[in-house]
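One file, entry.cif, is given below (mmCIF, C-alpha atoms (C1' of nucleotides)).
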```cif
data_final
#
loop_
_atom_site.label_atom_id
_atom_site.label_comp_id
_atom_site.auth_asym_id
_atom_site.auth_seq_id
_atom_site.Cartn_x
_atom_site.Cartn_y
_atom_site.Cartn_z
CA MET A 1 -27.68 -15.71 -3.18
CA SER A 2 -27.26 -12.35 -4.72
CA THR A 3 -28.25 -11.38 -8.21
CA GLN A 4 -26.12 -14.14 -9.44
CA ALA A 5 -24.86 -17.03 -7.39
CA THR A 6 -21.16 -16.43 -6.72
CA PRO A 7 -19.48 -17.35 -9.94
CA ILE A 8 -16.37 -18.10 -7.98
CA GLY A 9 -15.01 -21.55 -7.34
CA GLN A 10 -15.39 -21.29 -3.60
CA GLU A 11 -17.96 -19.34 -1.73
CA SER A 12 -15.77 -16.55 -0.45
CA THR A 13 -17.29 -15.51 2.82
CA PRO A 14 -21.01 -15.65 2.63
CA GLY A 15 -23.45 -13.68 4.64
CA GLN A 16 -21.14 -10.73 5.11
CA PRO A 17 -22.24 -7.16 4.81
CA PRO A 18 -21.69 -5.85 1.30
CA GLU A 19 -18.80 -3.66 2.36
CA VAL A 20 -16.94 -6.70 3.56
CA ASP A 21 -17.68 -8.57 0.37
CA ALA A 22 -16.17 -5.74 -1.58
CA TRP A 23 -13.13 -5.67 0.66
CA VAL A 24 -12.57 -9.39 0.40
CA GLY A 25 -12.98 -9.14 -3.33
CA LEU A 26 -10.33 -6.47 -3.44
CA LEU A 27 -8.03 -8.58 -1.34
CA ARG A 28 -8.41 -11.63 -3.51
CA ALA A 29 -8.22 -9.77 -6.76
CA HIS A 30 -5.06 -8.09 -5.66
CA ALA A 31 -3.46 -11.27 -4.41
CA ALA A 32 -4.17 -13.13 -7.60
CA ALA A 33 -3.19 -10.41 -10.02
CA THR A 34 -0.16 -9.36 -8.08
CA ARG A 35 1.26 -12.82 -7.88
CA ARG A 36 0.82 -13.35 -11.50
CA PHE A 37 2.33 -10.09 -12.66
CA ASN A 38 5.12 -10.27 -10.18
CA ARG A 39 6.08 -13.68 -11.34
CA ASP A 40 6.07 -12.73 -14.99
CA LEU A 41 7.87 -9.48 -14.46
CA LEU A 42 10.47 -11.14 -12.31
CA ALA A 43 11.04 -14.04 -14.64
CA LEU A 44 11.23 -11.97 -17.79
CA HIS A 45 12.86 -8.79 -16.60
CA GLY A 46 14.09 -9.25 -13.07
CA LEU A 47 11.79 -6.56 -11.73
CA THR A 48 9.13 -6.58 -9.08
CA ILE A 49 5.88 -4.75 -9.59
CA ASN A 50 7.10 -1.98 -7.36
CA ASP A 51 10.42 -1.75 -9.15
CA PHE A 52 8.47 -1.38 -12.30
CA GLU A 53 6.15 1.25 -10.93
CA VAL A 54 9.04 3.25 -9.59
CA LEU A 55 10.79 3.17 -12.94
CA VAL A 56 7.60 4.29 -14.63
CA HIS A 57 7.32 7.26 -12.34
CA LEU A 58 10.95 8.22 -12.76
CA ASP A 59 10.78 7.80 -16.48
CA HIS A 60 7.82 10.05 -16.60
CA ALA A 61 9.16 12.62 -14.19
CA ASP A 62 10.85 15.81 -15.17
CA GLY A 63 14.52 15.11 -15.75
CA GLY A 64 13.97 11.47 -14.94
CA ARG A 65 14.36 12.16 -11.27
CA LEU A 66 12.25 12.38 -8.17
CA ARG A 67 12.81 12.87 -4.50
CA ARG A 68 12.44 9.77 -2.48
CA VAL A 69 9.57 11.20 -0.52
CA ASP A 70 7.64 11.88 -3.66
CA LEU A 71 8.30 8.42 -4.93
CA SER A 72 7.09 6.93 -1.72
CA GLU A 73 3.84 8.80 -2.01
CA ARG A 74 3.34 7.70 -5.56
CA VAL A 75 3.87 4.02 -5.02
CA LEU A 76 2.61 3.89 -1.46
CA LEU A 77 5.68 2.54 0.20
CA THR A 78 7.26 3.81 3.38
CA ALA A 79 10.39 5.87 3.19
CA SER A 80 12.47 2.92 4.21
CA GLY A 81 10.77 0.73 1.68
CA ILE A 82 11.79 3.16 -1.01
CA THR A 83 15.34 3.33 0.22
CA ARG A 84 15.72 -0.40 -0.03
CA LEU A 85 13.94 -0.72 -3.30
CA LEU A 86 16.21 1.93 -4.78
CA ASP A 87 19.23 0.18 -3.32
CA GLY A 88 18.33 -2.74 -5.48
CA LEU A 89 17.77 -0.69 -8.58
CA GLU A 90 21.03 1.14 -8.03
CA ARG A 91 22.93 -2.10 -7.74
CA CYS A 92 21.54 -3.05 -11.12
CA ASP A 93 22.44 0.35 -12.47
CA LEU A 94 18.86 1.13 -13.40
CA VAL A 95 18.79 4.17 -11.18
CA ARG A 96 21.43 6.43 -9.69
CA LYS A 97 21.58 8.93 -6.88
CA ALA A 98 21.78 12.61 -7.55
CA SER A 99 22.05 15.35 -5.04
CA CYS A 100 20.01 18.48 -4.82
CA ALA A 101 21.81 21.77 -4.93
CA ALA A 102 19.05 23.60 -3.15
CA ASP A 103 18.57 21.18 -0.31
CA ALA A 104 21.34 18.96 0.91
CA ARG A 105 18.94 16.61 2.62
CA VAL A 106 17.39 15.28 -0.51
CA THR A 107 18.84 12.65 -2.74
CA TYR A 108 17.14 12.33 -6.02
CA ALA A 109 16.56 9.00 -7.59
CA GLU A 110 17.37 9.35 -11.23
CA ILE A 111 16.67 6.80 -13.88
CA THR A 112 19.67 5.78 -15.99
CA GLU A 113 19.74 4.98 -19.65
CA THR A 114 19.98 1.34 -18.75
CA GLY A 115 16.94 1.91 -16.61
CA ARG A 116 14.96 3.43 -19.41
CA ALA A 117 15.90 0.63 -21.70
CA ARG A 118 14.97 -2.03 -19.20
CA LEU A 119 11.72 -0.27 -18.52
CA ALA A 120 10.83 0.00 -22.17
CA ASP A 121 11.51 -3.66 -22.46
CA ALA A 122 9.47 -4.66 -19.46
CA ARG A 123 6.69 -2.27 -20.27
CA LEU A 124 6.01 -4.08 -23.45
CA SER A 125 5.27 -7.44 -21.95
CA HIS A 126 3.90 -6.22 -18.66
CA VAL A 127 1.42 -3.79 -20.10
CA GLN A 128 0.47 -6.47 -22.53
CA GLY A 129 -0.16 -8.87 -19.67
CA VAL A 130 -2.20 -6.35 -17.78
CA ARG A 131 -4.25 -5.46 -20.79
CA GLU A 132 -4.97 -9.06 -21.52
CA LEU A 133 -5.99 -9.90 -18.00
CA PHE A 134 -8.32 -6.97 -17.78
CA ALA A 135 -9.57 -6.86 -21.33
CA GLU A 136 -10.59 -10.48 -21.08
CA ARG A 137 -12.98 -9.65 -18.30
CA TYR A 138 -14.14 -6.11 -18.70
CA SER A 139 -15.65 -3.96 -21.34
CA GLY A 140 -14.34 -0.47 -21.86
CA SER A 141 -17.00 1.17 -19.78
CA GLU A 142 -16.62 -1.37 -17.04
CA LEU A 143 -12.94 -0.55 -16.89
CA VAL A 144 -13.71 3.10 -16.50
CA ALA A 145 -16.22 2.34 -13.81
CA LEU A 146 -13.83 0.07 -11.96
CA THR A 147 -11.05 2.62 -12.10
CA GLU A 148 -13.31 5.34 -10.87
CA LEU A 149 -14.57 3.25 -7.99
CA LEU A 150 -11.11 2.15 -6.95
CA GLY A 151 -9.89 5.69 -7.24
CA ARG A 152 -12.10 6.72 -4.38
CA LEU A 153 -10.30 4.56 -1.92
CA PRO A 154 -6.59 5.28 -1.65
CA GLN A 155 -4.67 8.36 -0.71
CA ALA A 156 -3.32 7.37 2.61
CA PRO A 157 0.17 8.47 1.61
CA ALA A 158 1.85 7.19 4.68
CA CYS A 159 0.15 7.67 7.99
CA PRO A 160 -3.44 8.76 7.79
CA GLY A 161 -4.16 8.74 11.51
CA MET B 1 -7.96 14.79 -18.83
CA SER B 2 -10.58 12.10 -18.64
CA THR B 3 -14.19 12.57 -17.74
CA GLN B 4 -13.05 14.08 -14.54
CA ALA B 5 -9.56 15.33 -13.86
CA THR B 6 -7.91 12.78 -11.60
CA PRO B 7 -9.27 13.53 -8.16
CA ILE B 8 -6.12 12.10 -6.71
CA GLY B 9 -3.41 14.10 -5.05
CA GLN B 10 -0.82 13.16 -7.62
CA GLU B 11 -1.45 12.30 -11.19
CA SER B 12 -0.95 8.59 -10.96
CA THR B 13 0.39 7.57 -14.34
CA PRO B 14 -1.29 9.55 -17.02
CA GLY B 15 -1.79 8.52 -20.58
CA GLN B 16 -1.93 4.85 -19.82
CA PRO B 17 -4.37 2.50 -21.45
CA PRO B 18 -7.50 2.09 -19.36
CA GLU B 19 -6.58 -1.42 -18.31
CA VAL B 20 -3.42 -0.12 -16.75
CA ASP B 21 -5.26 2.67 -14.99
CA ALA B 22 -7.55 0.12 -13.46
CA TRP B 23 -4.65 -2.02 -12.41
CA VAL B 24 -2.79 0.86 -10.83
CA GLY B 25 -5.96 1.86 -9.06
CA LEU B 26 -6.27 -1.62 -7.68
CA LEU B 27 -2.68 -1.58 -6.50
CA ARG B 28 -3.01 1.73 -4.76
CA ALA B 29 -6.37 1.01 -3.24
CA HIS B 30 -5.08 -2.25 -1.89
CA ALA B 31 -1.92 -0.74 -0.51
CA ALA B 32 -3.74 2.00 1.29
CA ALA B 33 -6.58 -0.05 2.68
CA THR B 34 -4.39 -2.95 3.63
CA ARG B 35 -1.96 -0.85 5.53
CA ARG B 36 -4.70 0.75 7.46
CA PHE B 37 -6.60 -2.39 8.37
CA ASN B 38 -3.49 -4.33 9.11
CA ARG B 39 -2.31 -1.71 11.49
CA ASP B 40 -5.60 -1.52 13.33
CA LEU B 41 -6.08 -5.23 13.46
CA LEU B 42 -2.57 -5.78 14.67
CA ALA B 43 -2.69 -3.08 17.29
CA LEU B 44 -6.06 -4.04 18.68
CA HIS B 45 -6.05 -7.78 18.33
CA GLY B 46 -2.62 -8.97 17.33
CA LEU B 47 -3.85 -10.37 14.06
CA THR B 48 -2.88 -9.70 10.49
CA ILE B 49 -5.49 -9.43 7.80
CA ASN B 50 -4.64 -12.90 6.64
CA ASP B 51 -4.80 -14.31 10.14
CA PHE B 52 -8.19 -12.79 10.38
CA GLU B 53 -9.37 -14.13 7.06
CA VAL B 54 -8.15 -17.58 7.92
CA LEU B 55 -9.98 -17.53 11.21
CA VAL B 56 -13.12 -16.38 9.45
CA HIS B 57 -12.94 -19.29 7.05
CA LEU B 58 -12.28 -21.80 9.78
CA ASP B 59 -15.01 -20.41 11.93
CA HIS B 60 -17.40 -20.73 9.11
CA ALA B 61 -16.27 -24.15 7.98
CA ASP B 62 -17.92 -27.36 8.93
CA GLY B 63 -16.56 -28.49 12.27
CA GLY B 64 -14.36 -25.43 12.42
CA ARG B 65 -11.71 -27.16 10.39
CA LEU B 66 -10.27 -27.10 6.92
CA ARG B 67 -7.45 -28.75 5.09
CA ARG B 68 -4.51 -26.53 4.50
CA VAL B 69 -4.86 -26.79 0.77
CA ASP B 70 -8.38 -25.54 0.93
CA LEU B 71 -7.40 -22.70 3.17
CA SER B 72 -4.69 -21.69 0.82
CA GLU B 73 -7.13 -21.51 -2.04
CA ARG B 74 -9.53 -19.44 -0.04
CA VAL B 75 -7.10 -16.81 1.11
CA LEU B 76 -4.79 -17.04 -1.88
CA LEU B 77 -1.62 -17.87 -0.08
CA THR B 78 0.86 -20.53 -1.10
CA ALA B 79 1.03 -23.76 0.82
CA SER B 80 4.09 -22.58 2.65
CA GLY B 81 2.48 -19.29 3.45
CA ILE B 82 -0.38 -21.14 5.05
CA THR B 83 1.91 -23.38 7.02
CA ARG B 84 3.71 -20.43 8.53
CA LEU B 85 0.60 -18.45 9.14
CA LEU B 86 -0.93 -21.39 10.96
CA ASP B 87 2.28 -21.86 12.94
CA GLY B 88 1.70 -18.44 14.33
CA LEU B 89 -1.93 -19.03 15.11
CA GLU B 90 -1.09 -22.33 16.75
CA ARG B 91 1.50 -20.71 18.95
CA CYS B 92 -1.21 -18.34 20.12
CA ASP B 93 -3.56 -21.24 20.62
CA LEU B 94 -6.12 -19.84 18.22
CA VAL B 95 -5.92 -22.88 16.01
CA ARG B 96 -4.85 -26.46 16.48
CA LYS B 97 -3.86 -29.32 14.26
CA ALA B 98 -6.12 -32.27 13.74
CA SER B 99 -5.44 -35.34 11.71
CA CYS B 100 -7.63 -36.93 9.13
CA ALA B 101 -8.63 -40.52 9.60
CA ALA B 102 -9.26 -41.10 5.93
CA ASP B 103 -6.04 -39.61 4.63
CA ALA B 104 -2.91 -39.55 6.70
CA ARG B 105 -1.34 -36.84 4.59
CA VAL B 106 -3.74 -34.13 5.58
CA THR B 107 -3.56 -32.10 8.73
CA TYR B 108 -6.62 -30.10 9.42
CA ALA B 109 -6.42 -26.64 10.82
CA GLU B 110 -9.09 -26.41 13.46
CA ILE B 111 -10.16 -23.26 15.21
CA THR B 112 -10.08 -23.38 19.00
CA GLU B 113 -12.47 -21.81 21.43
CA THR B 114 -9.90 -19.17 22.11
CA GLY B 115 -9.73 -18.65 18.40
CA ARG B 116 -13.45 -18.16 18.09
CA ALA B 117 -13.44 -15.73 20.94
CA ARG B 118 -10.58 -13.73 19.52
CA LEU B 119 -12.23 -13.71 16.15
CA ALA B 120 -15.53 -12.52 17.51
CA ASP B 121 -13.67 -9.79 19.26
CA ALA B 122 -11.69 -8.70 16.24
CA ARG B 123 -14.60 -9.03 13.91
CA LEU B 124 -16.43 -6.37 15.74
CA SER B 125 -13.93 -3.64 15.24
CA HIS B 126 -12.53 -4.80 11.96
CA VAL B 127 -15.82 -5.20 10.21
CA GLN B 128 -16.78 -1.88 11.63
CA GLY B 129 -13.67 -0.31 10.16
CA VAL B 130 -14.23 -1.89 6.79
CA ARG B 131 -17.82 -0.83 6.69
CA GLU B 132 -16.92 2.71 7.56
CA LEU B 133 -14.21 2.99 4.97
CA PHE B 134 -16.42 1.66 2.24
CA ALA B 135 -19.72 3.09 3.28
CA GLU B 136 -18.19 6.53 3.35
CA ARG B 137 -17.40 6.30 -0.32
CA TYR B 138 -19.90 4.02 -1.95
CA SER B 139 -23.59 3.68 -2.20
CA GLY B 140 -25.17 0.29 -1.84
CA SER B 141 -25.40 -0.33 -5.52
CA GLU B 142 -21.89 0.88 -6.11
CA LEU B 143 -20.69 -1.64 -3.58
CA VAL B 144 -22.47 -4.40 -5.38
CA ALA B 145 -21.01 -3.27 -8.65
CA LEU B 146 -17.53 -3.04 -7.25
CA THR B 147 -17.75 -6.46 -5.72
CA GLU B 148 -19.01 -7.96 -8.90
CA LEU B 149 -16.29 -6.38 -10.95
CA LEU B 150 -13.54 -7.41 -8.57
CA GLY B 151 -14.98 -10.88 -8.41
CA ARG B 152 -14.17 -11.44 -12.03
CA LEU B 153 -10.47 -11.15 -11.51
CA PRO B 154 -9.14 -13.69 -9.06
CA GLN B 155 -9.18 -17.42 -9.23
CA ALA B 156 -5.64 -18.11 -10.03
CA PRO B 157 -5.40 -20.40 -7.05
CA ALA B 158 -1.71 -21.00 -7.34
CA CYS B 159 -0.26 -21.50 -10.74
CA PRO B 160 -2.53 -20.59 -13.59
CA GLY B 161 -0.09 -21.15 -16.41
"C1'" DT C 1 23.96 32.61 16.91
"C1'" DG C 2 22.09 29.03 18.66
"C1'" DA C 3 17.98 26.28 20.41
"C1'" DG C 4 13.80 23.87 18.80
"C1'" DG C 5 11.24 21.71 15.61
"C1'" DG C 6 10.27 19.92 11.15
"C1'" DT C 7 11.81 17.28 7.00
"C1'" DA C 8 14.66 13.86 4.07
"C1'" DC C 9 16.73 9.90 4.38
"C1'" DT C 10 19.11 5.64 6.30
"C1'" DT C 11 19.73 1.76 9.31
"C1'" DG C 12 18.74 -2.21 12.53
"C1'" DA C 13 15.71 -5.63 13.73
"C1'" DG C 14 11.95 -8.21 12.77
"C1'" DT C 15 7.82 -10.31 10.05
"C1'" DA C 16 5.33 -12.12 6.08
"C1'" DG C 17 5.41 -14.79 2.47
"C1'" DG C 18 7.26 -16.65 -2.03
"C1'" DC C 19 9.91 -20.46 -4.48
"C1'" DA C 20 12.21 -24.75 -4.78
"C1'" DA C 21 13.39 -28.87 -2.86
"C1'" DC C 22 11.88 -32.21 -0.04
"C1'" DC C 23 9.21 -36.14 2.46
"C1'" DA C 24 5.31 -39.06 3.27
"C1'" DG C 25 1.10 -41.14 2.22
"C1'" DA C 26 -2.34 -42.36 -1.62
"C1'" DG C 27 -3.53 -44.34 -5.99
"C1'" DT C 28 -2.75 -46.38 -9.79
"C1'" DA C 29 -0.36 -50.17 -13.29
"C1'" DG C 30 2.32 -53.90 -14.12
"C1'" DC D 1 4.41 -56.57 -4.00
"C1'" DT D 2 7.22 -53.06 -6.65
"C1'" DA D 3 7.52 -49.09 -9.23
"C1'" DC D 4 5.61 -44.48 -10.72
"C1'" DT D 5 3.10 -40.70 -10.16
"C1'" DC D 6 0.15 -37.43 -7.74
"C1'" DT D 7 -1.09 -34.77 -3.76
"C1'" DG D 8 -0.71 -32.65 1.03
"C1'" DG D 9 2.40 -30.68 3.75
"C1'" DT D 10 6.87 -28.75 5.71
"C1'" DT D 11 11.45 -26.69 5.52
"C1'" DG D 12 15.57 -23.74 3.91
"C1'" DC D 13 16.69 -19.85 1.84
"C1'" DC D 14 15.73 -15.37 0.32
"C1'" DT D 15 13.30 -10.99 -0.73
"C1'" DA D 16 10.22 -7.21 0.30
"C1'" DC D 17 8.58 -4.61 3.42
"C1'" DT D 18 7.40 -2.36 8.01
"C1'" DC D 19 8.36 0.09 12.33
"C1'" DA D 20 11.30 2.55 15.36
"C1'" DA D 21 15.33 4.93 16.10
"C1'" DG D 22 18.92 7.70 14.51
"C1'" DT D 23 21.52 11.24 11.50
"C1'" DA D 24 21.83 15.23 8.83
"C1'" DC D 25 20.06 19.25 7.19
"C1'" DC D 26 16.66 23.19 6.78
"C1'" DC D 27 14.06 26.81 8.83
"C1'" DT D 28 12.44 29.56 12.06
"C1'" DC D 29 12.32 32.82 16.15
"C1'" DA D 30 14.38 34.79 20.04
#
```

Any chance you could give the structure as structure tokens?
Amino acid sequence: MSTQATPIGQESTPGQPPEVDAWVGLLRAHAAATRRFNRDLLALHGLTINDFEVLVHLDHADGGRLRRVDLSERVLLTASGITRLLDGLERCDLVRKASCAADARVTYAEITETGRARLADARLSHVQGVRELFAERYSGSELVALTELLGRLPQAPACPG
Amino acid sequence: MSTQATPIGQESTPGQPPEVDAWVGLLRAHAAATRRFNRDLLALHGLTINDFEVLVHLDHADGGRLRRVDLSERVLLTASGITRLLDGLERCDLVRKASCAADARVTYAEITETGRARLADARLSHVQGVRELFAERYSGSELVALTELLGRLPQAPACPG
DNA sequence: TGAGGGTACTTGAGTAGGCAACCAGAGTAG
DNA sequence: CTACTCTGGTTGCCTACTCAAGTACCCTCA
């Protein structure tokens, strides 16, 4: 019984404090959107959302390469998560390893030409999908507001505590 | 270079259309918050976020029971996801099966007394955690706005297309 | 120079959850 | 009653990820 009776199909979890409502909303929104995008991306381009995000970051990075640590911060995966994700991308030849002259510990992940091509391809339909989903429901200023609000939350790179 | 230089540690993915920014924000916010809550919830009460949500819904439901289908809509898991999640909860005796007289196909998930107790327990600290995280960053009206905005997204129960 | 501690990454083991294929009961339609 | 379809649910197989432990390297500081 807020401003507007929940427009949702089900009552989500009534009577909760507003913080919890927001959290549940985030959870549901993420679950729904994620599933949808993942499915599309996977079906059309054989990439998961995270694969895609990683490629985007590499593509954008200087020299098309990033240290694994930096990647893991950017996409919020653990180090091991990144290792395995990159394993997959390497097998598909979308990414290759490169070593660092200055520090033998680091292995760069470097996007390949195949990777760039695949990304360009996927970007087209994925970004399109994202834009549609969001544009259908939000005005420009609402998008800005949403982004700003969401932006306040994250930044727990790996282990906040 | 928007209204306010990205307050984030890294530039996330600059130059994207606003819809994509919002989407990336959602992804990151979810990843960060989820990891944190899941860890706490798991450490303190041996529950995942989804376990918790399921218990909440059961607790709130009429007779403490719901059909699996309905549960899966509420927490946005697939049918199989729900089955396995409930397997776990049943093993811990937090939930039990109950059959439906009117329709032999359905098996209710019914919260047990142990389940209610565990939930009450977990709720305390979890809700507290959620409230803190959100209250730290949002005013009351911002919370409402955020919830409303997020609420527009979901509702792809299983297979929208 | 060599011991201690931090950092980059990998690996082993385990969990969550998706998809596809399946079964069983429920509702029709003939 | 049989046949067909729809719906609720479970199962097999597989992927993505996490955590914890381990390896290799860097960087002190004595």

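The residue set within 12 Å of region 26-28 of chain C, counting all atoms listed in the file and dropping same-chain residues fewer than 5 places from it, reads Ala102, Asp103, Ala104, Arg105 and Val106 of chain B; DA3, DC4, DT5, DC6, DT7 and DG8 of chain D.
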
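Here, the PyMOL selection byres ((chain D) within 12 of (chain B)) matches D:DT7, D:DG8, D:DG9, D:DT10, D:DT11, D:DG12, D:DC17, D:DT18, D:DC19.
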
Residue nearest chain B - candidates A:Leu76, A:Leu44, A:Leu58, A:Ile82, atoms counted: only C-alpha atoms
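Distance minimum relative to chain B lands on A:Leu76.
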
I'd like the interatomic distance between CA of His45 (chain A) and CA of Ala29 (chain A), to a tenth of an Å.
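Computed distance, CA of His45 (chain A) to CA of Ala29 (chain A), equals 23.3 Å.
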
With a distance cut-off of 8 Å and only C-alpha atoms (C1' of nucleotides), select the neighbouring residues of region 119-132 of chain B, excluding the residue or stretch itself and same-chain residues fewer than 5 positions from it, and output the selection as number ranges by chain.
A: 17, 19-20, 23; B: 37, 40-41, 44-45, 52, 55-56

Using all atoms listed in the file, find the residues of chain A whose closest atom to chain B is at most 6 Å away, then write them as an mmCIF file with C-alpha atoms, keeping the file's coordinate frame.
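Okay, this is what ended up in iface-v6.cif:
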```
data_model
loop_
_atom_site.group_PDB
_atom_site.id
_atom_site.type_symbol
_atom_site.label_atom_id
_atom_site.label_comp_id
_atom_site.auth_asym_id
_atom_site.auth_seq_id
_atom_site.Cartn_x
_atom_site.Cartn_y
_atom_site.Cartn_z
ATOM 1 C CA GLU A 19 -18.800 -3.660 2.360
ATOM 2 C CA ALA A 22 -16.170 -5.740 -1.580
ATOM 3 C CA GLY A 25 -12.980 -9.140 -3.330
ATOM 4 C CA ARG A 28 -8.410 -11.630 -3.510
ATOM 5 C CA ALA A 29 -8.220 -9.770 -6.760
ATOM 6 C CA ALA A 32 -4.170 -13.130 -7.600
ATOM 7 C CA ARG A 131 -4.250 -5.460 -20.790
ATOM 8 C CA PHE A 134 -8.320 -6.970 -17.780
ATOM 9 C CA THR A 147 -11.050 2.620 -12.100
ATOM 10 C CA LEU A 150 -11.110 2.150 -6.950
ATOM 11 C CA GLY A 151 -9.890 5.690 -7.240
ATOM 12 C CA LEU A 153 -10.300 4.560 -1.920
ATOM 13 C CA PRO A 154 -6.590 5.280 -1.650
ATOM 14 C CA ALA A 156 -3.320 7.370 2.610
#
```

Using Å and a single decimal, report how far CA of Arg39 (chain B) sits from CA of Glu113 (chain B).
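CA of Arg39 (chain B) lies 24.6 Å from CA of Glu113 (chain B).
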
Which one is closest to chain A: C:DG30, C:DG25, C:DG4, C:DG17? Count only C-alpha atoms (C1' of nucleotides).
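That would be C:DG17, the residue with the smallest distance to chain A.
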
Between A:Ile111, A:Ala61, A:Cys100, A:Ala117, single out the one closest to chain C, counting all atoms listed in the file.
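Between A:Ile111, A:Ala61, A:Cys100, A:Ala117, the residue approaching chain C most closely is A:Cys100.
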
Hits from the PyMOL selection byres ((chain C) within 9 of (chain A)), listed as a ChimeraX atom specification:
/C:7-11
